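*Asks:* One file is attached below, protein.cif, containing mmCIF, C-alpha atoms.
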data_data
loop_
_atom_site.label_atom_id
_atom_site.label_comp_id
_atom_site.auth_asym_id
_atom_site.auth_seq_id
_atom_site.Cartn_x
_atom_site.Cartn_y
_atom_site.Cartn_z
CA MET A 1 34.49 1.00 308.50
CA ARG A 2 30.83 0.30 309.27
CA THR A 3 30.31 -0.89 312.83
CA VAL A 4 27.21 -2.05 314.71
CA VAL A 5 26.99 -1.57 318.48
CA THR A 6 24.13 -3.18 320.38
CA GLY A 7 23.45 -1.41 323.65
CA GLY A 8 25.06 1.72 322.23
CA ALA A 9 22.87 4.02 324.34
CA GLY A 10 24.14 2.48 327.55
CA PHE A 11 27.12 3.30 329.73
CA ILE A 12 29.78 1.12 328.10
CA GLY A 13 28.22 1.17 324.65
CA SER A 14 27.99 4.94 324.33
CA ASN A 15 31.59 5.40 325.43
CA LEU A 16 32.62 2.84 322.81
CA VAL A 17 30.56 4.65 320.16
CA ASP A 18 32.32 7.93 320.95
CA GLU A 19 35.72 6.34 320.34
CA LEU A 20 34.57 4.63 317.13
CA LEU A 21 33.28 7.96 315.80
CA ARG A 22 36.56 9.61 316.74
CA ARG A 23 38.31 6.97 314.66
CA GLY A 24 36.10 7.69 311.67
CA ASP A 25 33.73 4.68 311.74
CA ALA A 26 30.17 4.82 310.47
CA VAL A 27 28.27 3.55 313.51
CA VAL A 28 24.87 1.89 313.82
CA VAL A 29 23.42 1.68 317.33
CA VAL A 30 20.68 -0.79 318.27
CA ASP A 31 19.10 -0.15 321.67
CA ASP A 32 15.62 -0.54 323.12
CA LEU A 33 16.31 2.20 325.71
CA ASN A 34 15.27 -0.15 328.50
CA THR A 35 18.44 0.72 330.41
CA GLY A 36 20.08 3.07 327.88
CA PHE A 37 19.39 6.77 327.45
CA LYS A 38 18.68 8.82 324.35
CA ASP A 39 20.93 11.62 325.55
CA ASN A 40 23.88 9.20 325.32
CA ILE A 41 23.37 8.82 321.56
CA ASP A 42 25.57 10.97 319.33
CA PRO A 43 23.53 12.53 316.49
CA ARG A 44 26.08 11.25 313.97
CA VAL A 45 25.12 7.60 314.50
CA GLU A 46 22.37 5.69 312.78
CA PHE A 47 20.08 4.86 315.69
CA ILE A 48 17.67 1.92 315.55
CA GLU A 49 15.35 1.77 318.55
CA GLY A 50 14.31 -1.82 319.13
CA SER A 51 15.06 -5.11 320.80
CA ILE A 52 17.96 -7.39 319.91
CA THR A 53 15.48 -10.26 320.24
CA ASP A 54 13.74 -9.00 317.08
CA ALA A 55 15.33 -11.18 314.39
CA GLU A 56 14.21 -9.07 311.42
CA LEU A 57 15.33 -5.83 313.03
CA MET A 58 18.76 -7.25 313.84
CA LEU A 59 19.30 -8.70 310.39
CA ALA A 60 18.47 -5.33 308.84
CA ALA A 61 20.70 -3.50 311.30
CA VAL A 62 23.85 -5.51 310.55
CA GLN A 63 23.62 -5.44 306.75
CA GLY A 64 26.84 -4.12 305.23
CA ALA A 65 28.67 -3.98 308.56
CA ASP A 66 32.34 -4.92 308.98
CA ARG A 67 32.10 -5.86 312.66
CA VAL A 68 29.55 -6.18 315.46
CA PHE A 69 30.03 -5.22 319.10
CA HIS A 70 27.37 -6.85 321.24
CA LEU A 71 27.02 -4.97 324.53
CA ALA A 72 23.24 -4.97 324.99
CA ALA A 73 22.09 -6.80 328.12
CA HIS A 74 19.92 -6.68 331.18
CA GLY A 75 22.78 -6.10 333.59
CA GLY A 76 23.12 -6.76 337.27
CA VAL A 77 23.14 -9.71 339.61
CA PHE A 78 20.40 -8.38 341.89
CA ARG A 79 18.07 -7.54 338.98
CA SER A 80 18.42 -11.09 337.62
CA VAL A 81 17.59 -12.60 340.99
CA GLN A 82 14.38 -10.58 341.00
CA GLN A 83 13.59 -11.05 337.29
CA PRO A 84 15.36 -14.19 336.02
CA LEU A 85 13.12 -14.71 332.99
CA VAL A 86 13.57 -11.13 331.81
CA SER A 87 17.35 -11.42 332.17
CA ASP A 88 17.42 -14.73 330.33
CA THR A 89 15.33 -13.50 327.42
CA ALA A 90 17.44 -10.39 326.89
CA ASN A 91 20.84 -11.92 327.55
CA THR A 92 20.65 -15.52 326.34
CA HIS A 93 18.13 -15.32 323.51
CA GLY A 94 19.30 -11.83 322.65
CA THR A 95 22.94 -12.87 322.28
CA LEU A 96 22.00 -15.83 320.10
CA GLY A 97 19.85 -13.56 317.94
CA VAL A 98 22.68 -11.08 317.40
CA LEU A 99 25.09 -13.90 316.61
CA GLU A 100 22.71 -15.42 314.09
CA ALA A 101 22.07 -12.09 312.38
CA THR A 102 25.82 -11.52 312.20
CA ARG A 103 26.33 -14.97 310.65
CA GLN A 104 23.54 -14.55 308.12
CA ALA A 105 24.93 -11.17 307.06
CA GLY A 106 28.37 -12.69 306.46
CA ILE A 107 30.16 -10.50 309.00
CA ALA A 108 33.35 -12.07 310.28
CA ARG A 109 34.19 -10.32 313.57
CA PHE A 110 31.84 -10.41 316.56
CA VAL A 111 32.89 -9.14 320.00
CA CYS A 112 30.59 -9.61 322.98
CA ALA A 113 30.55 -8.54 326.61
CA SER A 114 30.67 -11.19 329.28
CA SER A 115 31.23 -10.71 333.01
CA SER A 116 33.51 -11.62 335.89
CA SER A 117 30.39 -13.00 337.57
CA VAL A 118 30.78 -16.24 335.57
CA TYR A 119 33.52 -17.27 338.03
CA GLY A 120 31.24 -17.12 341.06
CA GLY A 121 33.37 -17.01 344.17
CA ALA A 122 36.59 -18.16 342.53
CA ASP A 123 39.00 -20.10 344.73
CA ILE A 124 41.91 -18.81 342.65
CA VAL A 125 42.48 -15.07 343.17
CA PRO A 126 43.76 -13.39 341.01
CA THR A 127 41.65 -15.43 338.62
CA PRO A 128 42.79 -16.68 335.20
CA GLU A 129 40.38 -17.50 332.37
CA THR A 130 41.09 -21.19 332.98
CA ALA A 131 39.65 -21.13 336.52
CA PRO A 132 36.55 -23.25 337.22
CA LEU A 133 33.30 -21.44 336.43
CA LEU A 134 30.49 -21.51 338.98
CA PRO A 135 27.88 -18.81 338.25
CA ARG A 136 25.87 -17.83 341.33
CA SER A 137 23.09 -15.77 339.78
CA PRO A 138 20.81 -15.96 336.75
CA TYR A 139 22.72 -13.02 335.27
CA ALA A 140 26.02 -14.88 335.54
CA VAL A 141 24.47 -17.97 333.94
CA THR A 142 23.25 -15.92 330.97
CA LYS A 143 26.70 -14.44 330.47
CA LEU A 144 28.34 -17.85 330.50
CA VAL A 145 25.82 -19.17 327.99
CA GLY A 146 26.63 -16.20 325.74
CA GLU A 147 30.32 -17.10 325.87
CA HIS A 148 29.55 -20.67 324.85
CA TYR A 149 27.35 -19.52 321.97
CA ALA A 150 30.14 -17.27 320.70
CA ARG A 151 32.64 -20.12 320.86
CA VAL A 152 30.27 -22.54 319.14
CA TYR A 153 29.63 -20.07 316.30
CA ALA A 154 33.39 -19.79 315.81
CA GLU A 155 33.78 -23.57 315.72
CA LEU A 156 30.72 -24.40 313.60
CA PHE A 157 30.55 -21.48 311.21
CA GLY A 158 34.07 -20.08 311.11
CA MET A 159 33.03 -16.72 312.55
CA GLU A 160 35.66 -14.67 314.36
CA THR A 161 34.17 -14.32 317.83
CA VAL A 162 35.73 -12.92 320.99
CA ALA A 163 34.12 -12.70 324.45
CA LEU A 164 35.39 -10.30 327.11
CA ARG A 165 34.83 -10.79 330.83
CA PHE A 166 34.47 -7.27 332.24
CA PHE A 167 35.40 -6.68 335.87
CA ASN A 168 33.43 -3.89 337.58
CA VAL A 169 33.54 -1.20 334.92
CA PHE A 170 33.12 2.40 336.08
CA GLY A 171 33.43 5.93 334.76
CA PRO A 172 31.52 8.82 333.13
CA ARG A 173 27.89 8.15 332.12
CA GLN A 174 27.37 5.44 334.73
CA ARG A 175 24.13 6.58 336.33
CA PRO A 176 23.06 6.44 339.99
CA ASP A 177 19.32 6.86 339.32
CA SER A 178 18.27 3.20 339.35
CA GLN A 179 17.65 0.61 342.04
CA TYR A 180 20.11 -1.57 340.10
CA ALA A 181 22.81 1.09 339.78
CA ALA A 182 26.46 0.11 340.29
CA VAL A 183 28.22 0.90 343.53
CA ILE A 184 30.55 3.71 342.40
CA PRO A 185 27.91 6.11 341.02
CA LEU A 186 25.71 5.34 344.03
CA PHE A 187 28.54 6.15 346.46
CA ILE A 188 29.50 9.35 344.61
CA ASP A 189 25.90 10.53 344.47
CA ALA A 190 25.33 9.86 348.17
CA LEU A 191 28.55 11.57 349.26
CA ARG A 192 27.88 14.63 347.10
CA ARG A 193 24.37 14.94 348.53
CA GLY A 194 25.53 14.52 352.11
CA ASP A 195 23.67 11.22 352.46
CA ARG A 196 24.95 8.04 354.07
CA PRO A 197 26.13 5.59 351.39
CA VAL A 198 24.57 2.14 351.75
CA VAL A 199 27.01 -0.78 352.00
CA PHE A 200 25.62 -4.28 351.55
CA GLY A 201 27.50 -6.53 353.98
CA ASP A 202 30.52 -5.40 355.98
CA GLY A 203 32.31 -3.52 353.21
CA GLY A 204 35.22 -5.94 353.17
CA GLN A 205 34.19 -7.45 349.85
CA SER A 206 36.66 -6.47 347.13
CA ARG A 207 36.49 -5.86 343.40
CA ASP A 208 38.83 -5.30 340.46
CA PHE A 209 37.50 -1.90 339.37
CA THR A 210 38.21 -1.09 335.71
CA PHE A 211 37.94 2.37 334.15
CA ILE A 212 35.73 2.76 331.09
CA ASP A 213 38.47 4.10 328.80
CA ASP A 214 40.50 0.93 329.34
CA VAL A 215 37.45 -1.22 328.63
CA VAL A 216 36.79 0.62 325.36
CA ARG A 217 40.40 0.04 324.30
CA ALA A 218 40.03 -3.67 325.12
CA VAL A 219 36.86 -4.00 323.07
CA ILE A 220 38.47 -2.38 320.04
CA ALA A 221 41.63 -4.45 320.48
CA ALA A 222 39.48 -7.60 320.45
CA SER A 223 38.03 -6.53 317.10
CA GLU A 224 41.45 -5.94 315.55
CA ALA A 225 43.59 -8.81 316.88
CA PRO A 226 44.43 -11.62 314.41
CA ALA A 227 41.67 -14.22 314.24
CA ALA A 228 44.21 -17.05 314.46
CA THR A 229 45.17 -15.74 317.88
CA CYS A 230 41.86 -14.80 319.49
CA SER A 231 38.86 -16.28 317.67
CA GLY A 232 36.60 -18.42 319.84
CA LYS A 233 38.38 -17.32 323.01
CA VAL A 234 37.45 -15.38 326.12
CA TYR A 235 39.56 -12.79 327.95
CA ASN A 236 39.51 -11.03 331.30
CA VAL A 237 39.34 -7.25 331.07
CA ALA A 238 40.47 -5.76 334.37
CA CYS A 239 43.24 -3.89 336.16
CA ASN A 240 44.62 -6.89 338.09
CA ALA A 241 44.10 -4.94 341.33
CA GLN A 242 41.83 -5.40 344.33
CA TYR A 243 40.05 -2.77 346.43
CA SER A 244 37.40 -3.26 349.09
CA LEU A 245 34.22 -1.19 349.25
CA LEU A 246 35.65 0.51 352.33
CA ASP A 247 38.80 1.38 350.32
CA LEU A 248 36.53 2.78 347.64
CA LEU A 249 34.59 4.91 350.11
CA SER A 250 37.76 6.22 351.69
CA THR A 251 39.24 7.25 348.33
CA LEU A 252 35.99 8.92 347.22
CA GLY A 253 35.83 10.74 350.54
CA ASP A 254 39.34 12.11 349.95
CA LEU A 255 38.47 13.21 346.41
CA LEU A 256 35.23 14.89 347.48
CA GLY A 257 36.57 16.32 350.74
CA VAL A 258 34.03 14.56 352.94
CA GLU A 259 34.11 11.92 355.68
CA PRO A 260 32.00 8.90 354.64
CA ASP A 261 29.58 7.53 357.22
CA PRO A 262 28.26 4.35 355.60
CA GLU A 263 25.04 2.61 356.51
CA PHE A 264 25.61 -1.15 356.62
CA THR A 265 22.85 -3.55 355.64
CA ASP A 266 22.42 -7.24 354.75
CA PRO A 267 24.54 -8.73 351.94
CA ARG A 268 22.76 -9.12 348.62
CA PRO A 269 22.03 -12.64 347.31
CA GLY A 270 24.31 -13.73 344.48
CA ASP A 271 27.17 -11.36 345.35
CA VAL A 272 30.69 -12.79 345.60
CA ARG A 273 33.18 -11.89 348.33
CA HIS A 274 36.34 -11.18 346.33
CA SER A 275 37.06 -10.60 342.66
CA GLN A 276 40.36 -9.95 340.92
CA ALA A 277 41.58 -10.93 337.45
CA LEU A 278 44.73 -12.11 335.82
CA VAL A 279 45.07 -10.30 332.50
CA GLU A 280 48.10 -11.98 330.93
CA ALA A 281 46.02 -13.59 328.17
CA ALA A 282 44.65 -10.25 326.96
CA ALA A 283 48.14 -8.77 327.08
CA ALA A 284 49.57 -11.63 325.02
CA ASP A 285 46.77 -12.10 322.46
CA LEU A 286 45.17 -8.66 322.20
CA GLY A 287 48.11 -6.45 323.09
CA TRP A 288 46.03 -4.85 325.83
CA ARG A 289 46.61 -3.85 329.43
CA ALA A 290 44.76 -1.39 331.63
CA GLU A 291 46.44 2.02 331.82
CA VAL A 292 44.21 4.08 334.13
CA THR A 293 44.81 3.65 337.86
CA PHE A 294 42.02 3.21 340.38
CA VAL A 295 42.52 6.68 341.88
CA ASP A 296 42.84 8.45 338.51
CA GLY A 297 39.71 6.72 337.24
CA LEU A 298 37.77 7.75 340.32
CA ARG A 299 39.02 11.32 339.96
CA ARG A 300 37.82 11.49 336.34
CA THR A 301 34.47 10.02 337.37
CA VAL A 302 34.01 12.49 340.22
CA ASP A 303 34.93 15.34 337.87
CA TRP A 304 32.25 14.16 335.41
CA PHE A 305 29.61 14.14 338.15
CA SER A 306 30.70 17.61 339.28
CA ALA A 307 30.51 18.98 335.74
CA ARG A 308 26.89 17.80 335.43
CA SER A 309 25.66 19.59 338.56
#
Can you give me the file's structure in the form of structure tokens?
*Replies:*
Amino acid sequence: MRTVVTGGAGFIGSNLVDELLRRGDAVVVVDDLNTGFKDNIDPRVEFIEGSITDAELMLAAVQGADRVFHLAAHGGVFRSVQQPLVSDTANTHGTLGVLEATRQAGIARFVCASSSSVYGGADIVPTPETAPLLPRSPYAVTKLVGEHYARVYAELFGMETVALRFFNVFGPRQRPDSQYAAVIPLFIDALRRGDRPVVFGDGGQSRDFTFIDDVVRAVIAASEAPAATCSGKVYNVACNAQYSLLDLLSTLGDLLGVEPDPEFTDPRPGDVRHSQALVEAAAADLGWRAEVTFVDGLRRTVDWFSARS
């Protein structure tokens, strides 16, 4: 099977590519290396360095493919607050461009990454896909627009599209060396260095942390489920569990054998207080549930960091 992965040099994308290669796929990666890294790219893939907003490049990239996984994005709430136009161009226009290239090439199945941020501060926790959507950042708005574009392409053109709302993905290859880095690699890096981890707010905010291996399984399941069941729909991808940042720090401290001494600072604009998903729809339609526990996922992530040092 020939598979295209946009954002395949990034954290989630490169882990997905590894699994696709293990399964015997011929993989094409499209990535502009804005947030991805060349050392994440397996030499067996066909790598196209360029932007998903380049219509000609994308149309060439998807020729002859059986399915497209669209994971490329300018991620992060805080980044989008600082650079809303950059986020919109990459995420909104970029998603539409990949969809249109997929349609023109006659490829049926298109799976794209959305985000739990589309819910905003949901009143219903755990949150089903039917909950009201109230994005609170430019990033969240772009992800919601991408969902709508995917649904519209299914309705108008008969494409088989599936959108997945990821909840706080973590695991190997998630890097701490960026001002927009996610909380888990930042905490691990600080604790291993003997630094004080920075907590925005009081640390009581909670998230539904989801290990990368489970996310990869969900993405592949979305590409293989019957179109009559899943096309045009959106699904939560999460563990259906809730841990605060202080819980996270405590667990990492136990795994690393250190006592965390966090530095508390002001909350970041656009962040939500609590996030937790219901995942019954993905279980019913995609045959998917998370399998890796919070502690086991953190242990594997810490082990990956230790192996790199």
*Asks:* Quick one: of A:Leu191, A:Ile124, A:Leu252, A:Ala108, who's nearest to Asp296 (chain A), counting only C-alpha atoms?
*Replies:*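 Checking each candidate against Asp296 (chain A), we get A:Leu252 as the closest.
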*Asks:* Determine, counting only C-alpha atoms, which protein, DNA and RNA residues have an atom within 12 Å of an atom of Arg300 (chain A); residues of the same chain fewer than 3 positions away are not included. Present the result as a list of chain:residue names.
*Replies:*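 The filter keeps A:Phe170, A:Gly171, A:Pro172, A:Arg173, A:Ile188, A:Phe211, A:Ile212, A:Asp213, A:Leu252, A:Leu255, A:Leu256, A:Val292, A:Thr293, A:Phe294, A:Val295, A:Asp296, A:Gly297, A:Asp303, A:Trp304, A:Phe305, A:Ser306, A:Ala307.
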*Asks:* At a cut-off of 9 Å, using all atoms listed in the file, what residues contact region 133-139 of chain A? Leave out same-chain residues fewer than 3 positions from it and give the result as a list in words.
*Replies:*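 Final neighbour list, sorted by chain and number: His74, Gly75, Gly76, Val77, Phe78, Arg79, Ser80, Val81, Gln83, Pro84, Leu85, Ser87, Asp88, Asn91, Ser117, Val118, Tyr119, Gly120, Gly121, Ala122, Thr130, Thr142, Lys143, Leu144, Pro269, Gly270, Asp271 and Val272 of chain A.
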*Asks:* For Leu57 (chain A), which residue out of A:Ala131, A:Ala181, A:Val29, A:Leu71 is the nearest one, using only C-alpha atoms?
*Replies:*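 Of the candidates, the smallest distance to Leu57 (chain A) is held by A:Val29.
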*Asks:* Using all atoms listed in the file, can you tell me which of A:Ala26, A:Gly36, A:Leu99, A:Val183 comes closest to Thr53 (chain A)?
*Replies:*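 The shortest atom-to-atom distance to Thr53 (chain A) comes from A:Leu99.
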*Asks:* Any idea what's packed within 7 Å of Gly203 (chain A), counting only C-alpha atoms, ignoring anything in its chain fewer than 6 positions away? Could you give it as a list in words?
*Replies:*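 Non-adjacent residues within range: Ser244, Leu245 and Leu246 of chain A.
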*Asks:* Between A:Gly24, A:Gly8, A:Gly106, A:Pro197, single out the one closest to Glu259 (chain A), counting all atoms listed in the file.
*Replies:*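 For Glu259 (chain A), the nearest of the candidates is A:Pro197.
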*Asks:* Extract, using only C-alpha atoms, all DNA, RNA and protein residues at most 12 Å from Leu20 (chain A), discarding same-chain residues fewer than 4 positions from it, and format them as an NGL selection string.
*Replies:* :A and (1-5 or 8 or 13-16 or 24-29 or 42 or 44-45 or 67 or 69 or 216-217 or 219-221 or 223)
*Asks:* Could those selected residues go to a file with C-alpha atoms, as a PDB file, in the frame of the given file?
*Replies:*
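Below you can see again-v9.pdb, which holds the result:
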ATOM      1  CA  MET A   1      34.490   1.000 308.500  1.00  0.00           C
ATOM      2  CA  ARG A   2      30.830   0.300 309.270  1.00  0.00           C
ATOM      3  CA  THR A   3      30.310  -0.890 312.830  1.00  0.00           C
ATOM      4  CA  VAL A   4      27.210  -2.050 314.710  1.00  0.00           C
ATOM      5  CA  VAL A   5      26.990  -1.570 318.480  1.00  0.00           C
ATOM      6  CA  GLY A   8      25.060   1.720 322.230  1.00  0.00           C
ATOM      7  CA  GLY A  13      28.220   1.170 324.650  1.00  0.00           C
ATOM      8  CA  SER A  14      27.990   4.940 324.330  1.00  0.00           C
ATOM      9  CA  ASN A  15      31.590   5.400 325.430  1.00  0.00           C
ATOM     10  CA  LEU A  16      32.620   2.840 322.810  1.00  0.00           C
ATOM     11  CA  GLY A  24      36.100   7.690 311.670  1.00  0.00           C
ATOM     12  CA  ASP A  25      33.730   4.680 311.740  1.00  0.00           C
ATOM     13  CA  ALA A  26      30.170   4.820 310.470  1.00  0.00           C
ATOM     14  CA  VAL A  27      28.270   3.550 313.510  1.00  0.00           C
ATOM     15  CA  VAL A  28      24.870   1.890 313.820  1.00  0.00           C
ATOM     16  CA  VAL A  29      23.420   1.680 317.330  1.00  0.00           C
ATOM     17  CA  ASP A  42      25.570  10.970 319.330  1.00  0.00           C
ATOM     18  CA  ARG A  44      26.080  11.250 313.970  1.00  0.00           C
ATOM     19  CA  VAL A  45      25.120   7.600 314.500  1.00  0.00           C
ATOM     20  CA  ARG A  67      32.100  -5.860 312.660  1.00  0.00           C
ATOM     21  CA  PHE A  69      30.030  -5.220 319.100  1.00  0.00           C
ATOM     22  CA  VAL A 216      36.790   0.620 325.360  1.00  0.00           C
ATOM     23  CA  ARG A 217      40.400   0.040 324.300  1.00  0.00           C
ATOM     24  CA  VAL A 219      36.860  -4.000 323.070  1.00  0.00           C
ATOM     25  CA  ILE A 220      38.470  -2.380 320.040  1.00  0.00           C
ATOM     26  CA  ALA A 221      41.630  -4.450 320.480  1.00  0.00           C
ATOM     27  CA  SER A 223      38.030  -6.530 317.100  1.00  0.00           C
TER      28      SER A 223
END
*Asks:* Can you translate the PyMOL selection byres ((chain A and resi 262) around 7) into the concrete residues it hits in this file, as number ranges by chain?
*Replies:* A: 196-199, 260-261, 263-264
*Asks:* Report, in Å to a single decimal, how far apart CA of Phe11 (chain A) and CA of Arg308 (chain A) are.
*Replies:*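 According to the coordinates, CA of Arg308 (chain A) and CA of Phe11 (chain A) are separated by 15.6 Å.
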*Asks:* Suppose a student applies the PyMOL selection byres ((chain A and resi 150) around 12) to this structure; what residues should they get, written as JSON, numbers by chain?
*Replies:* {"A": [70, 92, 95, 96, 97, 98, 99, 100, 102, 103, 109, 110, 111, 112, 113, 114, 143, 144, 145, 146, 147, 148, 149, 151, 152, 153, 154, 155, 156, 157, 158, 159, 160, 161, 162, 163, 164, 231, 232, 233, 234]}
*Asks:* Evaluated on this file, the PyMOL selection byres ((chain A and resi 243) around 12) picks out some residues - which ones are they, written as a list in words?
*Replies:*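 Applying the expression gives Asn168, Gly203, Gly204, Gln205, Ser206, Arg207, Asp208, Phe209, Thr210, Cys239, Asn240, Ala241, Gln242, Ser244, Leu245, Leu246, Asp247, Leu248, Leu249, Ser250, Thr251, Arg273, His274, Ser275, Gln276, Thr293, Phe294 and Val295 of chain A.
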*Asks:* Next, the residues of the selection above should be written as a PDB file, keeping the file's coordinate frame with C-alpha atoms.
*Replies:*
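The result, stored in selection36.pdb:
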ATOM      1  CA  ASN A 168      33.430  -3.890 337.580  1.00  0.00           C
ATOM      2  CA  GLY A 203      32.310  -3.520 353.210  1.00  0.00           C
ATOM      3  CA  GLY A 204      35.220  -5.940 353.170  1.00  0.00           C
ATOM      4  CA  GLN A 205      34.190  -7.450 349.850  1.00  0.00           C
ATOM      5  CA  SER A 206      36.660  -6.470 347.130  1.00  0.00           C
ATOM      6  CA  ARG A 207      36.490  -5.860 343.400  1.00  0.00           C
ATOM      7  CA  ASP A 208      38.830  -5.300 340.460  1.00  0.00           C
ATOM      8  CA  PHE A 209      37.500  -1.900 339.370  1.00  0.00           C
ATOM      9  CA  THR A 210      38.210  -1.090 335.710  1.00  0.00           C
ATOM     10  CA  CYS A 239      43.240  -3.890 336.160  1.00  0.00           C
ATOM     11  CA  ASN A 240      44.620  -6.890 338.090  1.00  0.00           C
ATOM     12  CA  ALA A 241      44.100  -4.940 341.330  1.00  0.00           C
ATOM     13  CA  GLN A 242      41.830  -5.400 344.330  1.00  0.00           C
ATOM     14  CA  SER A 244      37.400  -3.260 349.090  1.00  0.00           C
ATOM     15  CA  LEU A 245      34.220  -1.190 349.250  1.00  0.00           C
ATOM     16  CA  LEU A 246      35.650   0.510 352.330  1.00  0.00           C
ATOM     17  CA  ASP A 247      38.800   1.380 350.320  1.00  0.00           C
ATOM     18  CA  LEU A 248      36.530   2.780 347.640  1.00  0.00           C
ATOM     19  CA  LEU A 249      34.590   4.910 350.110  1.00  0.00           C
ATOM     20  CA  SER A 250      37.760   6.220 351.690  1.00  0.00           C
ATOM     21  CA  THR A 251      39.240   7.250 348.330  1.00  0.00           C
ATOM     22  CA  ARG A 273      33.180 -11.890 348.330  1.00  0.00           C
ATOM     23  CA  HIS A 274      36.340 -11.180 346.330  1.00  0.00           C
ATOM     24  CA  SER A 275      37.060 -10.600 342.660  1.00  0.00           C
ATOM     25  CA  GLN A 276      40.360  -9.950 340.920  1.00  0.00           C
ATOM     26  CA  THR A 293      44.810   3.650 337.860  1.00  0.00           C
ATOM     27  CA  PHE A 294      42.020   3.210 340.380  1.00  0.00           C
ATOM     28  CA  VAL A 295      42.520   6.680 341.880  1.00  0.00           C
TER      29      VAL A 295
END
